[in-house]
$ cat target.pdb   # PDB, C-alpha atoms
ATOM      1  CA  MET H   1     -18.696  32.132 -24.762
ATOM      2  CA  GLU H   2     -19.811  30.474 -27.958
ATOM      3  CA  THR H   3     -16.312  30.830 -29.405
ATOM      4  CA  THR H   4     -14.862  29.167 -26.300
ATOM      5  CA  ASN H   5     -17.299  26.255 -26.596
ATOM      6  CA  LYS H   6     -16.428  25.805 -30.264
ATOM      7  CA  SER H   7     -12.733  25.883 -29.430
ATOM      8  CA  LEU H   8     -13.201  23.273 -26.685
ATOM      9  CA  TRP H   9     -15.269  21.054 -28.967
ATOM     10  CA  SER H  10     -12.713  21.339 -31.769
ATOM     11  CA  ARG H  11      -9.895  20.315 -29.409
ATOM     12  CA  MET H  12     -11.920  17.369 -28.174
ATOM     13  CA  MET H  13     -12.628  16.235 -31.728
ATOM     14  CA  ARG H  14      -8.987  16.647 -32.647
ATOM     15  CA  HIS H  15      -7.916  14.410 -29.747
ATOM     16  CA  ARG H  16     -11.007  12.176 -29.740
ATOM     17  CA  TYR H  17      -9.009   8.941 -29.864
ATOM     18  CA  LEU H  18      -7.024   9.928 -26.778
ATOM     19  CA  TYR H  19     -10.276  10.706 -24.948
ATOM     20  CA  LEU H  20     -11.672   7.339 -25.991
ATOM     21  CA  MET H  21      -8.616   5.649 -24.521
ATOM     22  CA  VAL H  22      -9.136   7.504 -21.239
ATOM     23  CA  LEU H  23     -12.894   6.824 -21.135
ATOM     24  CA  PRO H  24     -12.810   3.219 -19.752
ATOM     25  CA  GLY H  25     -10.561   4.226 -16.858
ATOM     26  CA  PHE H  26     -12.639   7.329 -16.167
ATOM     27  CA  LEU H  27     -15.868   5.320 -16.061
ATOM     28  CA  THR H  28     -14.276   2.687 -13.828
ATOM     29  CA  VAL H  29     -13.174   5.297 -11.278
ATOM     30  CA  LEU H  30     -16.528   7.079 -11.489
ATOM     31  CA  ILE H  31     -18.630   3.943 -10.982
ATOM     32  CA  PHE H  32     -16.523   2.110  -8.407
ATOM     33  CA  ASN H  33     -14.894   4.997  -6.505
ATOM     34  CA  TYR H  34     -17.208   7.999  -6.627
ATOM     35  CA  PHE H  35     -20.746   6.605  -6.842
ATOM     36  CA  PRO H  36     -20.264   4.445  -3.696
ATOM     37  CA  MET H  37     -19.356   7.599  -1.721
ATOM     38  CA  TYR H  38     -23.086   8.172  -1.438
ATOM     39  CA  GLY H  39     -23.009   5.383   1.151
ATOM     40  CA  ILE H  40     -20.972   7.397   3.663
ATOM     41  CA  LEU H  41     -24.256   8.963   4.761
ATOM     42  CA  ILE H  42     -24.803   5.726   6.703
ATOM     43  CA  ALA H  43     -22.153   6.928   9.169
ATOM     44  CA  PHE H  44     -24.520   9.721  10.267
ATOM     45  CA  LYS H  45     -27.745   7.713  10.340
ATOM     46  CA  ASN H  46     -29.422   4.922  12.262
ATOM     47  CA  TYR H  47     -29.496   2.826   9.125
ATOM     48  CA  SER H  48     -32.394   0.531   8.386
ATOM     49  CA  ALA H  49     -32.335  -1.593   5.233
ATOM     50  CA  SER H  50     -36.120  -1.434   4.971
ATOM     51  CA  LYS H  51     -36.144   2.384   5.058
ATOM     52  CA  GLY H  52     -33.092   2.938   2.904
ATOM     53  CA  ILE H  53     -30.297   5.436   3.396
ATOM     54  CA  MET H  54     -32.263   8.646   2.858
ATOM     55  CA  ASP H  55     -35.253   7.702   5.041
ATOM     56  CA  SER H  56     -33.230   6.328   7.944
ATOM     57  CA  PRO H  57     -33.210   8.668  10.980
ATOM     58  CA  TRP H  58     -30.301  11.090  11.315
ATOM     59  CA  VAL H  59     -28.099  10.615  14.408
ATOM     60  CA  GLY H  60     -25.211  12.981  13.644
ATOM     61  CA  LEU H  61     -21.827  12.086  15.180
ATOM     62  CA  LYS H  62     -23.178   9.348  17.437
ATOM     63  CA  TYR H  63     -21.106   6.510  15.942
ATOM     64  CA  PHE H  64     -17.903   8.559  15.866
ATOM     65  CA  LYS H  65     -18.321   9.195  19.597
ATOM     66  CA  THR H  66     -19.050   5.501  20.122
ATOM     67  CA  PHE H  67     -15.740   4.582  18.500
ATOM     68  CA  PHE H  68     -13.748   7.071  20.569
ATOM     69  CA  HIS H  69     -15.271   5.640  23.752
ATOM     70  CA  ASP H  70     -14.741   2.038  22.646
ATOM     71  CA  PRO H  71     -12.022   0.392  24.792
ATOM     72  CA  MET H  72     -10.733  -1.352  21.656
ATOM     73  CA  ALA H  73     -10.236   1.919  19.748
ATOM     74  CA  PHE H  74      -6.806   2.720  21.170
ATOM     75  CA  ARG H  75      -5.546  -0.814  20.571
ATOM     76  CA  VAL H  76      -6.592  -1.019  16.923
ATOM     77  CA  LEU H  77      -5.337   2.508  16.202
ATOM     78  CA  LYS H  78      -1.975   1.751  17.804
ATOM     79  CA  ASN H  79      -1.632  -1.574  15.977
ATOM     80  CA  THR H  80      -2.590  -0.017  12.647
ATOM     81  CA  LEU H  81      -0.093   2.807  13.029
ATOM     82  CA  LEU H  82       2.765   0.615  14.263
ATOM     83  CA  LEU H  83       2.254  -2.047  11.622
ATOM     84  CA  GLY H  84       2.038   0.643   8.942
ATOM     85  CA  LEU H  85       5.228   2.360  10.143
ATOM     86  CA  PHE H  86       7.177  -0.885  10.425
ATOM     87  CA  THR H  87       5.984  -1.974   6.983
ATOM     88  CA  LEU H  88       6.996   1.395   5.504
ATOM     89  CA  PHE H  89      10.406   1.288   7.194
ATOM     90  CA  TRP H  90      11.295  -2.207   5.969
ATOM     91  CA  SER H  91       9.262  -2.610   2.774
ATOM     92  CA  PHE H  92       9.745   0.736   1.051
ATOM     93  CA  PRO H  93      13.567   0.612   0.680
ATOM     94  CA  ALA H  94      13.569  -3.037  -0.437
ATOM     95  CA  PRO H  95      12.560  -2.536  -4.112
ATOM     96  CA  ILE H  96      14.917   0.460  -4.394
ATOM     97  CA  ILE H  97      17.867  -1.607  -3.204
ATOM     98  CA  LEU H  98      16.891  -4.519  -5.452
ATOM     99  CA  ALA H  99      16.509  -2.214  -8.476
ATOM    100  CA  LEU H 100      19.966  -0.751  -7.846
ATOM    101  CA  LEU H 101      21.400  -4.271  -7.624
ATOM    102  CA  PHE H 102      19.666  -5.268 -10.866
ATOM    103  CA  ASN H 103      21.105  -2.173 -12.513
ATOM    104  CA  GLU H 104      24.620  -3.276 -11.597
ATOM    105  CA  LEU H 105      24.268  -6.692 -13.246
ATOM    106  CA  ARG H 106      26.142  -6.906 -16.516
ATOM    107  CA  ASN H 107      25.018 -10.388 -17.600
ATOM    108  CA  LYS H 108      21.704  -9.557 -19.319
ATOM    109  CA  ARG H 109      20.485 -13.149 -19.494
ATOM    110  CA  PHE H 110      21.053 -13.730 -15.784
ATOM    111  CA  LYS H 111      19.497 -10.339 -15.023
ATOM    112  CA  LYS H 112      16.282 -11.215 -16.896
ATOM    113  CA  ILE H 113      16.017 -14.597 -15.175
ATOM    114  CA  VAL H 114      16.462 -13.086 -11.701
ATOM    115  CA  GLN H 115      13.968 -10.306 -12.442
ATOM    116  CA  THR H 116      11.369 -12.770 -13.680
ATOM    117  CA  VAL H 117      11.796 -14.993 -10.632
ATOM    118  CA  SER H 118      11.456 -11.992  -8.305
ATOM    119  CA  TYR H 119       8.162 -10.967  -9.997
ATOM    120  CA  PHE H 120       6.439 -14.335  -9.476
ATOM    121  CA  PRO H 121       5.367 -13.944  -5.817
ATOM    122  CA  HIS H 122       3.374 -10.812  -6.686
ATOM    123  CA  PHE H 123       0.956 -12.890  -8.744
ATOM    124  CA  ILE H 124       0.289 -15.406  -5.977
ATOM    125  CA  SER H 125      -3.083 -14.932  -4.288
ATOM    126  CA  VAL H 126      -2.986 -13.621  -0.727
ATOM    127  CA  VAL H 127      -4.975 -16.718   0.286
ATOM    128  CA  ILE H 128      -2.224 -18.960  -1.104
ATOM    129  CA  VAL H 129       0.448 -16.875   0.603
ATOM    130  CA  ALA H 130      -1.375 -17.138   3.932
ATOM    131  CA  GLY H 131      -1.693 -20.906   3.431
ATOM    132  CA  MET H 132       2.038 -21.176   2.722
ATOM    133  CA  ILE H 133       2.855 -19.165   5.841
ATOM    134  CA  LYS H 134       0.636 -21.366   7.999
ATOM    135  CA  GLU H 135       2.209 -24.490   6.531
ATOM    136  CA  PHE H 136       5.797 -23.288   6.999
ATOM    137  CA  THR H 137       5.196 -22.018  10.554
ATOM    138  CA  SER H 138       3.158 -24.974  11.830
ATOM    139  CA  ARG H 139       4.554 -27.357  14.458
ATOM    140  CA  ASP H 140       5.589 -29.794  11.729
ATOM    141  CA  GLY H 141       6.469 -27.069   9.224
ATOM    142  CA  LEU H 142       9.746 -26.123   7.566
ATOM    143  CA  PHE H 143      10.773 -23.498  10.124
ATOM    144  CA  ASN H 144      10.291 -25.835  13.084
ATOM    145  CA  ASP H 145      12.086 -28.625  11.241
ATOM    146  CA  ILE H 146      15.112 -26.324  10.931
ATOM    147  CA  ILE H 147      14.844 -25.331  14.599
ATOM    148  CA  SER H 148      14.578 -28.981  15.668
ATOM    149  CA  PHE H 149      17.571 -29.882  13.485
ATOM    150  CA  PHE H 150      19.719 -27.469  15.497
ATOM    151  CA  GLY H 151      18.376 -28.792  18.789
ATOM    152  CA  GLY H 152      15.710 -26.189  19.507
ATOM    153  CA  SER H 153      12.095 -26.630  20.602
ATOM    154  CA  PRO H 154       9.206 -26.142  18.130
ATOM    155  CA  ILE H 155       7.524 -22.731  18.190
ATOM    156  CA  MET H 156       3.914 -21.996  17.285
ATOM    157  CA  PHE H 157       4.807 -18.820  15.439
ATOM    158  CA  LEU H 158       1.298 -17.633  14.547
ATOM    159  CA  LEU H 159       0.138 -18.024  18.138
ATOM    160  CA  GLU H 160       2.986 -15.913  19.522
ATOM    161  CA  PRO H 161       2.384 -12.113  19.424
ATOM    162  CA  ASP H 162       6.151 -11.476  19.321
ATOM    163  CA  TYR H 163       6.483 -13.123  15.898
ATOM    164  CA  PHE H 164       3.359 -11.885  14.121
ATOM    165  CA  ARG H 165       4.621  -8.533  12.838
ATOM    166  CA  THR H 166       7.889 -10.044  11.644
ATOM    167  CA  ILE H 167       6.066 -12.772   9.720
ATOM    168  CA  PHE H 168       3.555 -10.322   8.255
ATOM    169  CA  ILE H 169       6.132  -7.756   7.110
ATOM    170  CA  SER H 170       8.711 -10.241   5.805
ATOM    171  CA  SER H 171       6.090 -12.137   3.799
ATOM    172  CA  GLY H 172       4.922  -8.819   2.328
ATOM    173  CA  ILE H 173       8.459  -7.944   1.274
ATOM    174  CA  TRP H 174       8.927 -11.367  -0.320
ATOM    175  CA  GLN H 175       5.675 -11.006  -2.239
ATOM    176  CA  GLY H 176       6.062  -7.428  -3.432
ATOM    177  CA  VAL H 177       9.734  -6.535  -3.659
ATOM    178  CA  GLY H 178      10.291  -7.859  -7.182
ATOM    179  CA  PHE H 179       7.226  -6.261  -8.702
ATOM    180  CA  GLY H 180       7.995  -3.022  -6.864
ATOM    181  CA  THR H 181      11.257  -2.651  -8.786
ATOM    182  CA  ILE H 182       9.477  -2.147 -12.113
ATOM    183  CA  ILE H 183       8.967   1.612 -11.709
ATOM    184  CA  TYR H 184      12.524   2.145 -10.477
ATOM    185  CA  LEU H 185      13.990   0.076 -13.310
ATOM    186  CA  ALA H 186      11.940   2.132 -15.768
ATOM    187  CA  ALA H 187      13.446   5.296 -14.296
ATOM    188  CA  LEU H 188      16.932   3.787 -14.414
ATOM    189  CA  SER H 189      16.519   2.844 -18.074
ATOM    190  CA  GLY H 190      16.341   6.547 -18.929
ATOM    191  CA  ILE H 191      19.871   7.255 -17.691
ATOM    192  CA  ASP H 192      22.304   8.149 -20.465
ATOM    193  CA  PRO H 193      25.007   5.398 -20.524
ATOM    194  CA  THR H 194      27.621   7.975 -21.479
ATOM    195  CA  LEU H 195      27.350   9.423 -17.976
ATOM    196  CA  TYR H 196      28.716   6.166 -16.573
ATOM    197  CA  ASP H 197      31.474   6.122 -19.200
ATOM    198  CA  VAL H 198      32.532   9.662 -18.360
ATOM    199  CA  ALA H 199      32.457   8.882 -14.635
ATOM    200  CA  GLU H 200      34.625   5.810 -15.208
ATOM    201  CA  VAL H 201      37.151   7.866 -17.151
ATOM    202  CA  ASP H 202      37.263  10.254 -14.186
ATOM    203  CA  GLY H 203      38.076   7.313 -11.909
ATOM    204  CA  ALA H 204      34.695   6.806 -10.246
ATOM    205  CA  ASN H 205      34.074   3.358  -8.796
ATOM    206  CA  ARG H 206      30.660   1.624  -8.730
ATOM    207  CA  TRP H 207      29.640   3.154  -5.413
ATOM    208  CA  LYS H 208      30.376   6.700  -6.610
ATOM    209  CA  LYS H 209      28.439   6.046  -9.817
ATOM    210  CA  ILE H 210      25.426   4.985  -7.749
ATOM    211  CA  VAL H 211      25.688   8.008  -5.451
ATOM    212  CA  HIS H 212      26.292  10.668  -8.114
ATOM    213  CA  ILE H 213      24.472   9.282 -11.176
ATOM    214  CA  THR H 214      22.043   6.462 -10.410
ATOM    215  CA  TRP H 215      20.460   7.780  -7.218
ATOM    216  CA  PRO H 216      19.848  11.369  -8.460
ATOM    217  CA  SER H 217      18.132   9.881 -11.516
ATOM    218  CA  ILE H 218      15.510   8.038  -9.454
ATOM    219  CA  ARG H 219      15.267  10.445  -6.506
ATOM    220  CA  SER H 220      12.137  12.248  -7.752
ATOM    221  CA  THR H 221      10.439   8.912  -8.504
ATOM    222  CA  THR H 222      11.319   7.697  -5.021
ATOM    223  CA  VAL H 223       9.892  10.822  -3.397
ATOM    224  CA  ILE H 224       6.582  10.498  -5.269
ATOM    225  CA  LEU H 225       6.247   6.826  -4.306
ATOM    226  CA  LEU H 226       7.188   7.666  -0.711
ATOM    227  CA  ILE H 227       4.356  10.221  -0.561
ATOM    228  CA  PHE H 228       1.909   7.553  -1.743
ATOM    229  CA  ALA H 229       3.335   5.041   0.748
ATOM    230  CA  VAL H 230       3.056   7.434   3.699
ATOM    231  CA  GLY H 231      -0.472   8.403   2.641
ATOM    232  CA  GLY H 232      -1.469   4.742   2.730
ATOM    233  CA  ILE H 233       0.225   3.985   6.021
ATOM    234  CA  LEU H 234      -3.123   3.299   7.702
ATOM    235  CA  GLY H 235      -4.309   1.032   4.888
ATOM    236  CA  THR H 236      -2.625  -2.114   6.159
ATOM    237  CA  ASP H 237      -3.291  -5.298   4.191
ATOM    238  CA  PHE H 238      -6.037  -6.463   6.543
ATOM    239  CA  GLN H 239      -7.036  -9.341   4.255
ATOM    240  CA  LYS H 240      -3.806 -11.188   5.050
ATOM    241  CA  ILE H 241      -4.139 -10.217   8.693
ATOM    242  CA  ILE H 242      -7.609 -11.766   8.870
ATOM    243  CA  LEU H 243      -6.234 -14.943   7.319
ATOM    244  CA  LEU H 244      -3.310 -15.137   9.751
ATOM    245  CA  TYR H 245      -4.363 -13.691  13.086
ATOM    246  CA  SER H 246      -6.102 -15.371  15.984
ATOM    247  CA  PRO H 247      -7.408 -14.258  19.404
ATOM    248  CA  GLU H 248      -3.953 -15.025  20.823
ATOM    249  CA  THR H 249      -2.365 -12.351  18.588
ATOM    250  CA  TYR H 250      -5.108  -9.707  18.723
ATOM    251  CA  SER H 251      -2.895  -7.580  20.976
ATOM    252  CA  VAL H 252      -0.515  -6.840  18.056
ATOM    253  CA  ALA H 253      -2.445  -7.950  14.955
ATOM    254  CA  ASP H 254      -5.907  -6.449  15.390
ATOM    255  CA  VAL H 255      -5.985  -3.378  13.113
ATOM    256  CA  ILE H 256      -8.717  -1.041  11.892
ATOM    257  CA  GLY H 257      -9.497  -3.239   8.877
ATOM    258  CA  SER H 258      -9.882  -6.449  10.872
ATOM    259  CA  TYR H 259     -11.891  -4.666  13.568
ATOM    260  CA  VAL H 260     -14.235  -3.207  10.942
ATOM    261  CA  TYR H 261     -14.597  -6.673   9.394
ATOM    262  CA  ARG H 262     -15.634  -8.234  12.690
ATOM    263  CA  GLN H 263     -17.969  -5.422  13.707
ATOM    264  CA  GLY H 264     -19.393  -4.594  10.280
ATOM    265  CA  ILE H 265     -19.560  -7.851   8.343
ATOM    266  CA  LEU H 266     -19.866 -10.344  11.183
ATOM    267  CA  GLY H 267     -21.656  -8.049  13.633
ATOM    268  CA  ALA H 268     -23.814  -6.192  11.049
ATOM    269  CA  GLN H 269     -22.987  -2.796  12.618
ATOM    270  CA  TYR H 270     -22.867  -1.017   9.274
ATOM    271  CA  GLU H 271     -23.305   2.533  10.577
ATOM    272  CA  TYR H 272     -20.587   2.129  13.187
ATOM    273  CA  THR H 273     -18.006   0.673  10.825
ATOM    274  CA  THR H 274     -18.830   3.208   8.096
ATOM    275  CA  ALA H 275     -18.072   5.953  10.603
ATOM    276  CA  ILE H 276     -14.746   4.305  11.444
ATOM    277  CA  GLY H 277     -13.861   3.974   7.768
ATOM    278  CA  LEU H 278     -14.718   7.632   7.090
ATOM    279  CA  PHE H 279     -12.661   8.769  10.067
ATOM    280  CA  MET H 280      -9.614   6.775   8.901
ATOM    281  CA  SER H 281      -9.983   8.122   5.348
ATOM    282  CA  MET H 282      -9.920  11.671   6.701
ATOM    283  CA  ILE H 283      -6.792  10.924   8.745
ATOM    284  CA  SER H 284      -5.113   9.354   5.689
ATOM    285  CA  PHE H 285      -5.929  12.442   3.616
ATOM    286  CA  VAL H 286      -4.386  14.721   6.237
ATOM    287  CA  ILE H 287      -1.234  12.571   6.369
ATOM    288  CA  LEU H 288      -0.997  12.573   2.567
ATOM    289  CA  TYR H 289      -1.448  16.353   2.384
ATOM    290  CA  LEU H 290       1.172  17.034   5.083
ATOM    291  CA  THR H 291       3.661  14.625   3.497
ATOM    292  CA  ASN H 292       3.168  16.265   0.113
ATOM    293  CA  TRP H 293       3.601  19.740   1.656
ATOM    294  CA  ILE H 294       6.820  18.739   3.442
ATOM    295  CA  SER H 295       8.157  17.119   0.257
ATOM    296  CA  ARG H 296       7.433  20.250  -1.759
ATOM    297  CA  LYS H 297       9.258  22.411   0.781
ATOM    298  CA  VAL H 298      12.254  20.104   1.158
ATOM    299  CA  SER H 299      12.826  18.621  -2.304
ATOM    300  CA  ASP H 300      10.649  20.640  -4.738
ATOM    301  CA  THR H 301       8.987  17.346  -5.719
ATOM    302  CA  SER H 302       5.297  16.819  -4.957
ATOM    303  CA  LEU H 303       2.049  15.397  -6.238
ATOM    304  CA  PHE H 304       0.171  18.703  -6.175
TER
END
$ encode --input "target.pdb" --output "structure tokens"
Amino acid sequence: METTNKSLWSRMMRHRYLYLMVLPGFLTVLIFNYFPMYGILIAFKNYSASKGIMDSPWVGLKYFKTFFHDPMAFRVLKNTLLLGLFTLFWSFPAPIILALLFNELRNKRFKKIVQTVSYFPHFISVVIVAGMIKEFTSRDGLFNDIISFFGGSPIMFLLEPDYFRTIFISSGIWQGVGFGTIIYLAALSGIDPTLYDVAEVDGANRWKKIVHITWPSIRSTTVILLIFAVGGILGTDFQKIILLYSPETYSVADVIGSYVYRQGILGAQYEYTTAIGLFMSMISFVILYLTNWISRKVSDTSLF
């Protein structure tokens, strides 16, 4: 045992600078991700700020049952799932397609300019993005000006449930597609250029090069990112939803995050919303585990 401890200590000292580099990230995760998990006890208690978490009376699964009997539960669950699925369907392939298009550009100067321009929206605050959307979709906004130019009648887009999901998803693609290509471009940069030269000698056109060389090179990266995306399917960007939705669009826009915000922050029902958050985290973990298991069986690529 003592020999093992000495061996472990010697390895740590040998790689001490690597451990020091890891330390800030480890402490950040520990402080901001693991220590707050102590607060999930609120979901099982009749929380009182004066008594504290430990001294508040235990109520078991009361708030979970309350959520399941809430008439709004089905609506917010359905909206969360549908919005997550639609976002995954449209948003996930977008950076892959854009990365493949970037990879086909031969003019390096033009390629760098286009890449840089596509990254910019990612760094715009969600508040600014929501403000831009409201401005463009208002009665006197750009979209209605175009509609009026072609003889149509103005539409109050953000007050119409039929348009909300389209606006939300398309604005998300615009904001994140460029930045999302970074990982795929990094994977593409590792492809040996001689493979393309050999394929060209064999008579392969651009499409065949993409199918037989480019795509296989980023397939494992795509699978890993898809697992993460499916695991986070219930974690819809509720901040932008809160900034954009209104009572008129609750039927399609009210998701778990916005419901928790109204009930927990505005309604001060901390125990109830903590229970909802814990329940959704458990569901997300199950989805992530099943997706990883299916990926491992089908493609031999997985997270764990």
$ resolve_selection --input "target.pdb" --expression "the PyMOL selection byres ((chain H and resi 277-284) around 10)" --output "PyMOL selection string"
chain H and resi 37+40-41+43+64+67+77+230-235+256-257+260+271-276+285-290
$ resolve_selection --input "target.pdb" --expression "the PyMOL selection byres ((chain H and resi 178-182) around 6)" --output "list in words"
Pro95, Ala99, Ser118, Tyr119, Gly176, Val177, Ile183, Tyr184 and Leu185 of chain H
$ resolve_selection --input "target.pdb" --expression "the PyMOL selection byres ((chain H and resi 124-129) around 9)" --output "count of residues only"
14
$ residues_around --input "target.pdb" --residues "Pro161 of chain H" --least-positions-apart "3" --cutoff "8 Å" --atoms "only C-alpha atoms" --output "PyMOL selection string"
chain H and resi 158+164-165+248-253
$ closest_residue --input "target.pdb" --among "H:Trp293, H:Gly84, H:Ile210, H:Ile191" --to "Glu104 of chain H" --atoms "only C-alpha atoms"
H:Ile210
$ atom_distance --input "target.pdb" --atom1 "atom CA of Pro93 of chain H" --atom2 "atom CA of Phe110 of chain H"
23.1 Å
$ axis_aligned_box --input "target.pdb" --around "segment 73-85 of chain H" --padding-each-side "8 Å" --output "JSON"
{"center_x": -2.5, "center_y": 0.4, "center_z": 15.1, "size_x": 31.5, "size_y": 20.9, "size_z": 28.2}
$ residues_around --input "target.pdb" --residues "Ile213 of chain H" --least-positions-apart "5" --cutoff "8 Å" --atoms "all atoms listed in the file" --output "ChimeraX atom specification"
/H:195-196,208
$ atom_distance --input "target.pdb" --atom1 "atom CA of Ser217 of chain H" --atom2 "atom CA of Ala187 of chain H"
7.1 Å
$ atom_distance --input "target.pdb" --atom1 "atom CA of Lys45 of chain H" --atom2 "atom CA of Val59 of chain H"
5.0 Å
$ closest_residue --input "target.pdb" --among "H:Asn103, H:Ser246, H:Ser189, H:Thr291" --to "Leu159 of chain H" --atoms "all atoms listed in the file"
H:Ser246
$ closest_residue --input "target.pdb" --among "H:Ile241, H:Tyr259, H:His15, H:Asp192" --to "Arg75 of chain H" --atoms "only C-alpha atoms"
H:Tyr259
$ closest_residue --input "target.pdb" --among "H:Leu303, H:Asp237, H:Leu18, H:Leu244" --to "Ser138 of chain H" --atoms "all atoms listed in the file"
H:Leu244
$ closest_residue --input "target.pdb" --among "H:Gly267, H:Gly172, H:Gly151, H:Pro247" --to "Leu88 of chain H" --atoms "all atoms listed in the file"
H:Gly172
